[in-house]
Amino acid sequence: MSRILALDIGTKRIGVAISDPLGITAKPLDYIINDDSVYEKIKSLIEKENVSTVVVGLPITLKGFHGQQVEYTKDFVEKLKNHIPNVKIVFIDERFTTSLAEKHLSQTKKKKNMKDYIDSLSAVFILQTYLDSLAFGK
């Protein structure tokens, strides 16, 4: 069975989460450093995990505006498409995922370790939102 991968695109790191084979739950993976080999790293992960869909968080502002980070994310995805032409890519509004991840981690981790988990936990919230929308038809 194929899986669904979620990416929380940042200029330095990319948070990553993956679904279980049934597409019910999301789990975090290690973040990926956003460097010159980032597209090959993502492509390799997609091939290794048999991913059919990539969900990308779109960082729309709280007022609904598309700022610089939205443009950066869209440009990143356009370049990514050249490396994974046969994989479906879906954007999802990620407005509250980072704050949810920070709140969750502040209750479970020491502050000095939070930055190591925040990106991938944000990707988990992005992916779980998408999986829930599929399950509940929203």
# chains A, B, ... in the order shown; residues from 1 in each chain; ligands from 1
call {"tool": "closest_atom_pairs", "arguments": {"of": "segment 26-77 of chain A", "to": "segment 83-96 of chain A", "cutoff": "9 Å", "atoms": "only C-alpha atoms", "output": "Markdown table"}}
result
| residue | atom | partner | partner_atom | distance |
| --- | --- | --- | --- | --- |
| A:Tyr39 | CA | A:His83 | CA | 6.7 |
| A:Glu40 | CA | A:His83 | CA | 7.3 |
| A:Ile42 | CA | A:His83 | CA | 8.8 |
| A:Lys43 | CA | A:Ile84 | CA | 6.3 |
| A:Ile46 | CA | A:Ile84 | CA | 8.4 |
| A:Val51 | CA | A:Val87 | CA | 7.6 |
| A:Ser52 | CA | A:Val87 | CA | 5.4 |
| A:Thr53 | CA | A:Lys88 | CA | 4.6 |
| A:Val54 | CA | A:Ile89 | CA | 4.8 |
| A:Val55 | CA | A:Val90 | CA | 4.8 |
| A:Val56 | CA | A:Phe91 | CA | 4.9 |
| A:Gly57 | CA | A:Glu94 | CA | 5.0 |
| A:Leu58 | CA | A:Asp93 | CA | 5.1 |
| A:Pro59 | CA | A:Glu94 | CA | 5.4 |
| A:Ile60 | CA | A:Arg95 | CA | 5.9 |
| A:Thr61 | CA | A:Arg95 | CA | 6.5 |
| A:Leu62 | CA | A:Arg95 | CA | 6.4 |
| A:Gly64 | CA | A:Arg95 | CA | 8.9 |
| A:Val77 | CA | A:Ile89 | CA | 8.2 |
call {"tool": "residues_around", "arguments": {"residues": "Gly23 of chain A", "least_positions_apart": "3", "cutoff": "10 Å", "atoms": "only C-alpha atoms", "output": "list in words"}}
result
Met1, Ser2, Arg3, Ile4, Ile18, Ser19, Asp20, Ala26, Leu127, Gln128, Tyr130, Leu131, Asp132, Leu134 and Ala135 of chain A
call {"tool": "closest_residue", "arguments": {"among": "A:Glu47, A:Ala6, A:Thr11, A:Ile126", "to": "Phe76 of chain A", "atoms": "only C-alpha atoms"}}
result
A:Thr11
call {"tool": "atom_distance", "arguments": {"atom1": "atom CA of Lys74 of chain A", "atom2": "atom CA of Leu22 of chain A"}}
result
28.1 Å
call {"tool": "atom_distance", "arguments": {"atom1": "atom CA of Val70 of chain A", "atom2": "atom CA of Thr25 of chain A"}}
result
26.1 Å
call {"tool": "residues_around", "arguments": {"residues": "Gly10 of chain A", "least_positions_apart": "4", "cutoff": "9 Å", "atoms": "only C-alpha atoms", "output": "MDAnalysis selection string"}}
result
chainID A and resid 14:15 34 69 72:73 119
call {"tool": "write_last_selection", "arguments": {"atoms": "C-alpha atoms", "output": "PDB file, in the first residue's frame"}}
result
ATOM      1  CA  ILE A  14      11.891  20.655   6.409  1.00  0.00           C
ATOM      2  CA  GLY A  15       9.616  18.881   8.835  1.00  0.00           C
ATOM      3  CA  ASN A  34      17.167  22.258   3.344  1.00  0.00           C
ATOM      4  CA  GLN A  69       6.936  32.181   2.901  1.00  0.00           C
ATOM      5  CA  TYR A  72       8.962  30.361  -1.138  1.00  0.00           C
ATOM      6  CA  THR A  73       6.929  27.202  -0.497  1.00  0.00           C
ATOM      7  CA  ASP A 119       9.287  21.005  12.292  1.00  0.00           C
TER       8      ASP A 119
END
call {"tool": "atom_distance", "arguments": {"atom1": "atom CA of Pro28 of chain A", "atom2": "atom CA of Ser133 of chain A"}}
result
18.9 Å
call {"tool": "closest_residue", "arguments": {"among": "A:Ile33, A:Gln68, A:Lys27, A:Leu45", "to": "Ser120 of chain A", "atoms": "only C-alpha atoms"}}
result
A:Lys27
call {"tool": "select_by_dssp", "arguments": {"residues": "segment 2-96 of chain A", "states": "alpha helix (DSSP H)", "output": "number ranges by chain"}}
result
A: 38-49, 68-83
call {"tool": "write_last_selection", "arguments": {"atoms": "N, CA and C atoms", "output": "CSV table (one decimal), in the first residue's frame"}}
result
chain,number,residue,atom,x,y,z
A,38,VAL,N,18.4,18.6,-1.0
A,38,VAL,CA,17.1,18.4,-0.4
A,38,VAL,C,16.1,17.7,-1.3
A,39,TYR,N,16.1,18.0,-2.6
A,39,TYR,CA,15.2,17.4,-3.5
A,39,TYR,C,15.5,15.9,-3.7
A,40,GLU,N,16.8,15.5,-3.7
A,40,GLU,CA,17.1,14.1,-3.9
A,40,GLU,C,16.8,13.4,-2.6
A,41,LYS,N,17.0,14.0,-1.4
A,41,LYS,CA,16.6,13.4,-0.2
A,41,LYS,C,15.1,13.1,-0.1
A,42,ILE,N,14.3,14.0,-0.5
A,42,ILE,CA,12.9,13.8,-0.5
A,42,ILE,C,12.5,12.7,-1.5
A,43,LYS,N,13.1,12.8,-2.7
A,43,LYS,CA,12.8,11.8,-3.7
A,43,LYS,C,13.2,10.4,-3.2
A,44,SER,N,14.3,10.2,-2.5
A,44,SER,CA,14.7,9.0,-2.0
A,44,SER,C,13.7,8.5,-0.9
A,45,LEU,N,13.3,9.4,-0.1
A,45,LEU,CA,12.3,9.0,1.0
A,45,LEU,C,11.0,8.5,0.3
A,46,ILE,N,10.6,9.2,-0.7
A,46,ILE,CA,9.3,8.9,-1.4
A,46,ILE,C,9.4,7.5,-2.0
A,47,GLU,N,10.6,7.2,-2.6
A,47,GLU,CA,10.8,5.9,-3.2
A,47,GLU,C,10.8,4.8,-2.1
A,48,LYS,N,11.6,5.1,-1.1
A,48,LYS,CA,11.8,4.1,0.0
A,48,LYS,C,10.5,3.7,0.7
A,49,GLU,N,9.6,4.7,0.9
A,49,GLU,CA,8.4,4.6,1.7
A,49,GLU,C,7.1,4.3,0.8
A,68,GLN,N,5.7,36.1,1.9
A,68,GLN,CA,6.9,35.6,1.3
A,68,GLN,C,7.1,34.1,1.5
A,69,GLN,N,6.7,33.6,2.7
A,69,GLN,CA,6.9,32.2,2.9
A,69,GLN,C,6.0,31.3,2.0
A,70,VAL,N,4.8,31.8,1.7
A,70,VAL,CA,4.0,31.1,0.8
A,70,VAL,C,4.6,31.0,-0.6
A,71,GLU,N,5.2,32.1,-1.0
A,71,GLU,CA,5.8,32.2,-2.4
A,71,GLU,C,7.0,31.2,-2.3
A,72,TYR,N,7.8,31.3,-1.3
A,72,TYR,CA,9.0,30.4,-1.1
A,72,TYR,C,8.5,28.9,-1.2
A,73,THR,N,7.4,28.6,-0.5
A,73,THR,CA,6.9,27.2,-0.5
A,73,THR,C,6.5,26.8,-1.9
A,74,LYS,N,5.7,27.6,-2.6
A,74,LYS,CA,5.3,27.3,-3.9
A,74,LYS,C,6.4,27.1,-4.9
A,75,ASP,N,7.5,28.0,-4.8
A,75,ASP,CA,8.6,27.8,-5.6
A,75,ASP,C,9.4,26.5,-5.3
A,76,PHE,N,9.5,26.2,-4.1
A,76,PHE,CA,10.1,24.9,-3.6
A,76,PHE,C,9.4,23.7,-4.3
A,77,VAL,N,8.0,23.8,-4.2
A,77,VAL,CA,7.2,22.7,-4.7
A,77,VAL,C,7.4,22.6,-6.2
A,78,GLU,N,7.4,23.7,-6.9
A,78,GLU,CA,7.6,23.6,-8.4
A,78,GLU,C,8.9,22.9,-8.7
A,79,LYS,N,10.0,23.2,-8.0
A,79,LYS,CA,11.3,22.5,-8.2
A,79,LYS,C,11.2,21.0,-7.8
A,80,LEU,N,10.5,20.8,-6.7
A,80,LEU,CA,10.3,19.4,-6.3
A,80,LEU,C,9.6,18.5,-7.3
A,81,LYS,N,8.6,19.1,-8.0
A,81,LYS,CA,7.8,18.4,-9.1
A,81,LYS,C,8.8,17.9,-10.2
A,82,ASN,N,9.8,18.5,-10.4
A,82,ASN,CA,10.8,18.0,-11.4
A,82,ASN,C,11.5,16.8,-11.0
A,83,HIS,N,11.6,16.5,-9.7
A,83,HIS,CA,12.2,15.3,-9.2
A,83,HIS,C,11.3,14.2,-8.9
call {"tool": "closest_residue", "arguments": {"among": "A:Asp35, A:Ile24, A:Leu7, A:Lys12", "to": "Phe136 of chain A", "atoms": "only C-alpha atoms"}}
result
A:Ile24
